[in-house]
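The next block is upload37.txt, given as compact mmCIF, C-alpha atoms and all ligand atoms.
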```txt
# COMPACT_ATOMS: atom_id res chain seq x y z
CA MET X 1 56.14 40.97 177.12
CA PHE X 2 55.00 43.60 179.60
CA MET X 3 58.03 45.78 178.78
CA GLN X 4 57.29 45.54 175.10
CA PHE X 5 53.71 46.62 175.63
CA GLU X 6 54.78 49.46 177.87
CA HIS X 7 57.25 50.77 175.24
CA ARG X 8 54.69 50.53 172.50
CA PHE X 9 52.16 52.41 174.57
CA PHE X 10 54.71 54.96 175.70
CA TYR X 11 55.98 55.91 172.23
CA PHE X 12 52.56 55.75 170.66
CA SER X 13 50.92 57.88 173.29
CA ARG X 14 53.57 60.61 172.94
CA MET X 15 54.04 60.85 169.20
CA PRO X 16 51.29 60.42 166.59
CA ALA X 17 52.07 57.96 163.79
CA ASN X 18 51.52 60.61 161.12
CA GLN X 19 54.57 62.60 162.28
CA PRO X 20 57.72 62.42 160.09
CA ILE X 21 60.79 60.23 160.47
CA GLY X 22 63.91 62.33 161.16
CA ILE X 23 67.07 61.30 159.34
CA PHE X 24 70.52 62.87 159.62
CA ASP X 25 73.99 62.54 158.18
CA SER X 26 77.19 64.55 157.97
CA GLY X 27 76.12 65.63 154.48
CA ILE X 28 74.05 64.36 151.61
CA GLY X 29 75.49 60.81 151.53
CA GLY X 30 72.82 59.75 154.05
CA LEU X 31 70.29 60.31 151.27
CA THR X 32 71.14 56.73 150.19
CA VAL X 33 69.56 55.62 153.48
CA ALA X 34 66.68 58.11 153.11
CA ASN X 35 66.07 56.75 149.61
CA ALA X 36 65.88 53.16 150.87
CA ILE X 37 63.49 54.24 153.67
CA ASN X 38 61.37 56.16 151.18
CA LYS X 39 61.14 53.11 148.88
CA CYS X 40 60.36 50.73 151.74
CA MET X 41 57.84 53.07 153.43
CA PRO X 42 56.42 55.41 150.75
CA ASN X 43 53.69 56.54 153.13
CA GLU X 44 56.15 58.11 155.56
CA ALA X 45 57.14 61.78 155.58
CA LEU X 46 60.87 62.41 156.07
CA VAL X 47 62.75 65.33 157.61
CA TYR X 48 66.38 65.06 156.51
CA PHE X 49 69.25 67.08 157.95
CA GLY X 50 72.68 67.02 156.27
CA ASP X 51 75.39 68.73 158.29
CA THR X 52 77.25 69.96 155.21
CA ALA X 53 78.90 72.73 157.26
CA HIS X 54 80.88 70.14 159.25
CA LEU X 55 81.43 67.45 156.62
CA PRO X 56 83.30 65.12 156.61
CA TYR X 57 82.67 63.50 160.01
CA GLY X 58 85.05 60.67 159.09
CA ASP X 59 88.10 62.75 160.03
CA LYS X 60 86.61 64.50 163.09
CA SER X 61 87.18 63.70 166.76
CA PRO X 62 84.62 61.62 168.67
CA GLU X 63 83.79 64.69 170.82
CA ALA X 64 82.97 66.84 167.79
CA ILE X 65 80.85 64.09 166.20
CA LYS X 66 78.90 63.58 169.45
CA TYR X 67 78.32 67.33 169.82
CA TYR X 68 77.04 67.78 166.25
CA SER X 69 74.87 64.67 166.45
CA LEU X 70 73.22 65.75 169.68
CA LYS X 71 72.43 69.19 168.35
CA ILE X 72 70.89 67.74 165.16
CA THR X 73 68.89 65.21 167.16
CA LYS X 74 67.41 68.03 169.25
CA PHE X 75 66.53 69.89 166.04
CA LEU X 76 64.75 66.83 164.62
CA MET X 77 62.85 66.35 167.86
CA ASP X 78 61.76 70.00 167.75
CA GLU X 79 60.49 69.31 164.22
CA GLY X 80 58.14 66.74 165.78
CA CYS X 81 59.81 63.61 164.41
CA LYS X 82 58.37 60.35 165.75
CA ALA X 83 61.65 58.43 165.28
CA ILE X 84 65.24 59.30 164.38
CA VAL X 85 67.62 57.50 162.05
CA ILE X 86 71.36 58.21 162.25
CA ALA X 87 71.99 57.74 158.51
CA CYS X 88 75.76 58.05 158.91
CA ASN X 89 78.08 55.21 159.85
CA THR X 90 80.55 57.55 161.54
CA ALA X 91 77.90 59.22 163.74
CA SER X 92 76.31 55.81 164.39
CA SER X 93 79.72 54.50 165.54
CA LEU X 94 80.54 57.36 167.85
CA ALA X 95 77.31 59.03 168.97
CA TYR X 96 74.57 56.36 169.01
CA HIS X 97 75.17 55.29 172.59
CA ASP X 98 75.10 58.88 173.93
CA LEU X 99 72.07 59.78 171.84
CA LYS X 100 70.18 56.76 173.10
CA LEU X 101 70.91 57.80 176.69
CA PHE X 102 69.82 61.35 175.91
CA MET X 103 66.55 60.23 174.29
CA GLY X 104 65.58 57.79 177.02
CA ASN X 105 62.08 56.62 176.11
CA GLN X 106 61.02 59.78 174.32
CA ILE X 107 61.19 58.52 170.73
CA PRO X 108 63.06 55.60 169.16
CA ILE X 109 66.45 56.17 167.57
CA TYR X 110 68.17 53.84 165.09
CA SER X 111 71.76 53.50 163.98
CA VAL X 112 72.80 52.11 160.59
CA ILE X 113 75.10 49.61 162.30
CA ASP X 114 73.00 47.50 164.66
CA PRO X 115 70.54 46.22 162.00
CA VAL X 116 73.50 45.08 159.88
CA VAL X 117 75.18 43.36 162.81
CA GLU X 118 71.87 41.60 163.53
CA TYR X 119 71.60 40.57 159.87
CA MET X 120 75.17 39.26 159.66
CA THR X 121 75.00 37.27 162.89
CA ALA X 122 71.52 35.82 162.34
CA THR X 123 73.05 33.18 160.08
CA ASP X 124 76.06 30.85 160.26
CA GLN X 125 76.97 31.83 156.71
CA TYR X 126 79.60 34.43 157.59
CA LYS X 127 82.87 33.49 159.31
CA GLN X 128 85.25 36.21 158.05
CA ILE X 129 83.58 39.56 157.61
CA GLY X 130 85.36 42.51 156.01
CA VAL X 131 84.39 46.10 156.81
CA ILE X 132 85.39 49.21 154.87
CA ALA X 133 84.51 52.64 156.26
CA THR X 134 85.86 56.05 157.23
CA ARG X 135 88.85 56.39 159.55
CA ALA X 136 86.66 57.36 162.53
CA THR X 137 84.33 54.37 162.09
CA ILE X 138 87.22 51.91 161.76
CA LYS X 139 89.07 53.45 164.71
CA SER X 140 85.95 53.06 166.88
CA ASN X 141 86.06 49.28 166.17
CA VAL X 142 82.29 49.32 166.53
CA TYR X 143 81.49 46.69 163.89
CA ALA X 144 83.93 44.17 165.34
CA GLU X 145 82.80 44.80 168.93
CA LYS X 146 79.10 44.47 168.13
CA ILE X 147 79.58 41.39 165.93
CA HIS X 148 81.71 39.74 168.64
CA LEU X 149 79.06 40.40 171.27
CA GLN X 150 76.70 38.26 169.18
CA LYS X 151 79.19 35.74 167.82
CA PRO X 152 82.70 35.84 169.28
CA GLY X 153 83.95 33.25 166.77
CA ILE X 154 83.54 35.47 163.70
CA SER X 155 86.69 37.14 162.42
CA VAL X 156 86.21 40.81 161.49
CA LYS X 157 88.78 42.45 159.22
CA SER X 158 88.41 46.21 159.04
CA LEU X 159 90.06 48.69 156.71
CA ALA X 160 89.77 52.49 156.61
CA THR X 161 89.22 53.65 153.03
CA PRO X 162 89.19 57.43 153.45
CA LEU X 163 89.74 58.37 149.81
CA LEU X 164 86.51 56.75 148.62
CA VAL X 165 84.19 59.49 149.93
CA PRO X 166 85.96 62.41 148.20
CA MET X 167 86.41 60.26 145.10
CA ILE X 168 82.64 59.65 144.85
CA GLU X 169 81.78 63.25 145.73
CA GLU X 170 84.06 64.45 142.94
CA GLY X 171 82.14 62.22 140.53
CA PHE X 172 84.82 59.59 140.02
CA PHE X 173 83.10 56.25 139.74
CA ASN X 174 82.78 53.66 137.00
CA ASP X 175 86.02 54.99 135.57
CA GLN X 176 89.76 54.41 135.57
CA ILE X 177 90.38 56.42 138.73
CA SER X 178 87.73 54.64 140.83
CA SER X 179 88.81 51.28 139.46
CA THR X 180 92.45 51.89 140.45
CA LEU X 181 91.58 53.13 143.92
CA ILE X 182 89.04 50.40 144.66
CA HIS X 183 91.47 47.76 143.41
CA THR X 184 94.25 49.16 145.60
CA TYR X 185 92.13 49.25 148.76
CA LEU X 186 90.48 45.85 148.26
CA SER X 187 93.84 44.20 147.52
CA ASP X 188 95.09 45.22 150.97
CA PRO X 189 96.35 42.15 152.90
CA GLN X 190 93.98 43.11 155.74
CA LEU X 191 90.97 42.11 153.62
CA GLN X 192 92.27 38.79 152.33
CA GLY X 193 90.18 35.68 152.98
CA ILE X 194 86.89 37.45 153.72
CA ASP X 195 83.55 35.83 152.78
CA SER X 196 81.55 39.08 152.95
CA LEU X 197 82.19 42.81 152.91
CA ILE X 198 80.14 45.40 154.79
CA LEU X 199 79.97 48.74 153.01
CA GLY X 200 80.24 50.78 156.22
CA CYS X 201 79.74 54.24 154.75
CA THR X 202 76.79 56.11 153.26
CA HIS X 203 78.57 56.72 149.96
CA TYR X 204 79.69 53.20 149.16
CA PRO X 205 76.38 51.87 147.72
CA LEU X 206 77.25 54.07 144.73
CA ILE X 207 80.32 51.96 143.98
CA ARG X 208 78.75 48.64 144.94
CA ASN X 209 78.89 47.33 141.36
CA GLU X 210 82.57 48.13 141.04
CA ILE X 211 83.28 46.41 144.34
CA SER X 212 81.24 43.36 143.28
CA ALA X 213 83.13 43.27 139.99
CA PHE X 214 86.42 43.18 141.88
CA TYR X 215 85.30 40.09 143.81
CA ASN X 216 83.54 38.58 140.80
CA PRO X 217 81.11 37.55 142.71
CA SER X 218 82.84 35.28 145.21
CA ILE X 219 81.83 37.19 148.34
CA ASP X 220 78.62 38.84 149.57
CA ILE X 221 78.66 42.62 149.41
CA ILE X 222 76.52 44.00 152.22
CA ASP X 223 74.89 47.34 151.44
CA ASN X 224 73.29 48.39 154.72
CA THR X 225 70.69 50.81 153.33
CA GLU X 226 68.01 48.24 152.52
CA ILE X 227 68.70 46.22 155.69
CA VAL X 228 68.30 49.38 157.78
CA ALA X 229 65.06 50.42 156.01
CA LYS X 230 63.49 46.97 156.54
CA HIS X 231 64.54 46.96 160.20
CA ILE X 232 62.94 50.36 160.80
CA TYR X 233 59.77 49.30 159.00
CA LYS X 234 59.46 46.26 161.29
CA GLU X 235 60.14 48.34 164.40
CA LEU X 236 57.64 51.09 163.54
CA LYS X 237 55.04 48.45 162.73
CA ARG X 238 55.64 46.73 166.06
CA MET X 239 55.10 50.05 167.85
CA ASP X 240 52.02 50.98 165.78
CA LEU X 241 53.96 53.96 164.46
CA LEU X 242 53.47 53.46 160.72
CA ASN X 243 51.64 56.36 159.12
CA GLN X 244 48.11 55.56 157.97
CA ASP X 245 47.21 59.09 156.80
CA LYS X 246 48.12 61.05 153.69
CA PRO X 247 51.85 61.75 154.15
CA LEU X 248 53.21 65.28 154.58
CA PRO X 249 55.84 66.37 152.01
CA HIS X 250 59.47 65.49 152.75
CA GLN X 251 61.76 68.27 154.02
CA PHE X 252 65.49 68.36 153.28
CA TYR X 253 67.76 70.67 155.27
CA VAL X 254 71.50 71.34 155.12
CA SER X 255 73.68 73.48 157.38
CA ASP X 256 75.63 74.92 154.44
CA PHE X 257 74.03 75.29 151.01
CA THR X 258 75.87 75.07 147.70
CA ASP X 259 74.54 74.38 144.20
CA SER X 260 76.84 71.40 143.93
CA PHE X 261 75.28 69.78 147.03
CA GLU X 262 71.85 70.24 145.49
CA LYS X 263 72.99 68.79 142.15
CA SER X 264 74.52 65.78 143.90
CA THR X 265 71.21 64.87 145.54
CA GLN X 266 70.27 63.18 142.25
CA LEU X 267 73.15 60.77 142.78
CA PHE X 268 72.26 59.80 146.33
CA PHE X 269 68.45 60.03 146.34
CA GLY X 270 67.73 58.97 142.76
CA GLN X 271 66.13 62.33 141.97
CA GLN X 272 67.18 65.92 142.43
CA ILE X 273 65.56 67.48 145.46
CA ARG X 274 65.38 70.96 146.92
CA LEU X 275 67.73 71.57 149.84
CA ASN X 276 66.86 74.23 152.40
CA LEU X 277 69.53 75.99 154.40
CA ARG X 278 68.91 75.70 158.16
CA GLN X 279 71.23 77.15 160.75
CA ILE X 280 71.07 75.22 163.99
CA TRP X 281 74.49 76.20 165.38
CA ASP X 282 74.87 78.97 167.99
N1 LIG J 1 78.46 59.83 156.16
C1 LIG J 1 79.75 59.35 156.52
C2 LIG J 1 79.67 57.88 156.91
O1 LIG J 1 78.76 57.17 156.57
C3 LIG J 1 80.74 59.51 155.37
C4 LIG J 1 81.09 60.95 155.07
C5 LIG J 1 81.82 61.66 156.20
O2 LIG J 1 82.98 61.29 156.51
O3 LIG J 1 81.22 62.54 156.78
O4 LIG J 1 80.55 57.40 157.61
```
In structure tokens, write the structure found in this file.
Amino acid sequence: MFMQFEHRFFYFSRMPANQPIGIFDSGIGGLTVANAINKCMPNEALVYFGDTAHLPYGDKSPEAIKYYSLKITKFLMDEGCKAIVIACNTASSLAYHDLKLFMGNQIPIYSVIDPVVEYMTATDQYKQIGVIATRATIKSNVYAEKIHLQKPGISVKSLATPLLVPMIEEGFFNDQISSTLIHTYLSDPQLQGIDSLILGCTHYPLIRNEISAFYNPSIDIIDNTEIVAKHIYKELKRMDLLNQDKPLPHQFYVSDFTDSFEKSTQLFFGQQIRLNLRQIWD
């Protein structure tokens, strides 16, 4: 109880509630998370950073992902963010622990994985959980490890599905190509017998309907964006960090600008937004 009060006081006293929430991803896929946060907390200003210069993180080494994530986190802190959301499953898998150590008690930082693990293990409903994600996320084994810490009896079946990100980015969904690829991945013996499937990548909410159609609807498809947004809302409320003033405008930054990134924002954020180029690399 005392600790909780101390944390609340500590964060609140350092960072005013009307400061923005910082959100980052390897690119613009994390806008699916930003969109869910925006819908859940329309009064909050967002500063988004998409590291389009280094995309995709899913095929990078843990060292590179940690380095990029730390640099972006420092940038978001310099922008005065009151909290940071790692809106990327790959960076959440590989850099969250280091970032948390780096931040100490300065401002809260959230991964997109822990709220989902909490959600999945809060009930006895799930006994065989499937996870699909990038190669780096699956190799980290983070979902299985965190789920087993809460409930060792749950079986976690993970499958890397690396072609789904480029497929979606190239605009192939709700068509023959996406149907064939999704069918091929989900038919993998590794995923047989699951009662739920975690969409462990920022891009996968866009093909949620196609995945649901494959299972027709015998298993629960877990899209983490809404779960993460609700978790952050509850946390900010608990720390008296929800904005009560008129919100500042959102800011969207990328480390490499192209027209096609800007056009694709419509897909991930539900509306086209203006991306600003921001160089944060030495
Ligand atoms: N944002 C990444 C994720 O959620 C997918 C794209 C990438 O590999 O960078 O894992």
Give me the residues within 9 Å of Ile168 of chain X as a PyMOL selection string, counting only C-alpha atoms and dropping any in the same chain fewer than 2 places off. chain X and resi 163-166+170-173+178+203-204+206-207
Residues at most 6 Å from ligand LIG 1 (chain J), using only C-alpha atoms and all ligand atoms? Could they come as a PyMOL selection string? chain X and resi 25-26+29+55-58+88-90+134+201-202
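Coordinates place atom CA of Arg135 of chain X at a distance of 7.1 Å from atom CA of Thr161 of chain X.
Atom CA of Glu235 of chain X sits 15.8 Å away from atom CA of Pro42 of chain X.
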Would you compute, for all listed atoms of segment 191-205 of chain X, the axis-aligned bounding box grown by 6 Å on each side, and then report its centre and edge lengths in Å rounded to one decimal, as AutoDock Vina command-line options?
```
--center_x 84.3 --center_y 46.2 --center_z 152.0 --size_x 27.9 --size_y 33.0 --size_z 20.5
```
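Minimum distance to Thr73 of chain X across X:Phe252, X:Tyr233, X:Phe24, X:Tyr215 (counting all atoms listed in the file) occurs at X:Phe24.
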Have a look at X:Ser187, X:Ser179, X:Asn174, X:Gln150 and name the one nearest to Val117 of chain X; count all atoms listed in the file.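 Going through X:Ser187, X:Ser179, X:Asn174, X:Gln150 one by one, the smallest distance to Val117 of chain X is for X:Gln150.
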Please provide as a PyMOL selection string all residues within 6 Å of Val85 of chain X, with the sequence filter that same-chain residues fewer than 3 positions apart are discarded (counting all atoms listed in the file). chain X and resi 23+109-110
Can you measure atom CA of Pro152 of chain X to atom CA of Ser140 of chain X for me? One decimal in Å is fine.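 These atoms are spaced 17.7 Å apart.
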Between X:Lys146, X:Lys66, X:Lys237, X:Lys263, which has the minimum distance to Leu99 of chain X (counting all atoms listed in the file)?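 The shortest atom-to-atom distance to Leu99 of chain X comes from X:Lys66.
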Do you have, as a Markdown table, the list of residues of segment 66-131 of chain X lying at most 12 Å from segment 189-195 of chain X, each with its nearest atom pair and that distance in Å to one decimal, counting all atoms listed in the file and ordered by chain then number?
```
| residue | atom | partner | partner_atom | distance |
| --- | --- | --- | --- | --- |
| X:Met120 | CA | X:Asp195 | CA | 11.4 |
| X:Asp124 | CA | X:Asp195 | CA | 11.7 |
| X:Gln125 | CA | X:Asp195 | CA | 8.6 |
| X:Tyr126 | CA | X:Asp195 | CA | 6.4 |
| X:Lys127 | CA | X:Asp195 | CA | 7.0 |
| X:Gln128 | CA | X:Ile194 | CA | 4.8 |
| X:Ile129 | CA | X:Ile194 | CA | 5.5 |
| X:Gly130 | CA | X:Ile194 | CA | 5.8 |
| X:Val131 | CA | X:Leu191 | CA | 8.3 |
```
Nearest candidate to Gly30 of chain X (options X:Gly50, X:Pro217, X:Pro62, X:Pro16; using only C-alpha atoms):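 The closest residue to Gly30 of chain X is X:Gly50.
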Can you list, as an MDAnalysis selection string, every protein, DNA or RNA residue that comes within 12 Å of Asn35 of chain X when you count only C-alpha atoms, leaving out same-chain residues fewer than 5 positions away? chainID X and resid 23 28:30 40:42 44:46 48 87 202 205 225:226 228:229 250 265:273
Would you mind exporting C-alpha atoms of the selected residues as an mmCIF file, keeping the file's coordinate frame?
```cif
data_model
loop_
_atom_site.group_PDB
_atom_site.id
_atom_site.type_symbol
_atom_site.label_atom_id
_atom_site.label_comp_id
_atom_site.auth_asym_id
_atom_site.auth_seq_id
_atom_site.Cartn_x
_atom_site.Cartn_y
_atom_site.Cartn_z
ATOM 1 C CA ILE X 23 67.070 61.300 159.340
ATOM 2 C CA ILE X 28 74.050 64.360 151.610
ATOM 3 C CA GLY X 29 75.490 60.810 151.530
ATOM 4 C CA GLY X 30 72.820 59.750 154.050
ATOM 5 C CA CYS X 40 60.360 50.730 151.740
ATOM 6 C CA MET X 41 57.840 53.070 153.430
ATOM 7 C CA PRO X 42 56.420 55.410 150.750
ATOM 8 C CA GLU X 44 56.150 58.110 155.560
ATOM 9 C CA ALA X 45 57.140 61.780 155.580
ATOM 10 C CA LEU X 46 60.870 62.410 156.070
ATOM 11 C CA TYR X 48 66.380 65.060 156.510
ATOM 12 C CA ALA X 87 71.990 57.740 158.510
ATOM 13 C CA THR X 202 76.790 56.110 153.260
ATOM 14 C CA PRO X 205 76.380 51.870 147.720
ATOM 15 C CA THR X 225 70.690 50.810 153.330
ATOM 16 C CA GLU X 226 68.010 48.240 152.520
ATOM 17 C CA VAL X 228 68.300 49.380 157.780
ATOM 18 C CA ALA X 229 65.060 50.420 156.010
ATOM 19 C CA HIS X 250 59.470 65.490 152.750
ATOM 20 C CA THR X 265 71.210 64.870 145.540
ATOM 21 C CA GLN X 266 70.270 63.180 142.250
ATOM 22 C CA LEU X 267 73.150 60.770 142.780
ATOM 23 C CA PHE X 268 72.260 59.800 146.330
ATOM 24 C CA PHE X 269 68.450 60.030 146.340
ATOM 25 C CA GLY X 270 67.730 58.970 142.760
ATOM 26 C CA GLN X 271 66.130 62.330 141.970
ATOM 27 C CA GLN X 272 67.180 65.920 142.430
ATOM 28 C CA ILE X 273 65.560 67.480 145.460
#
```
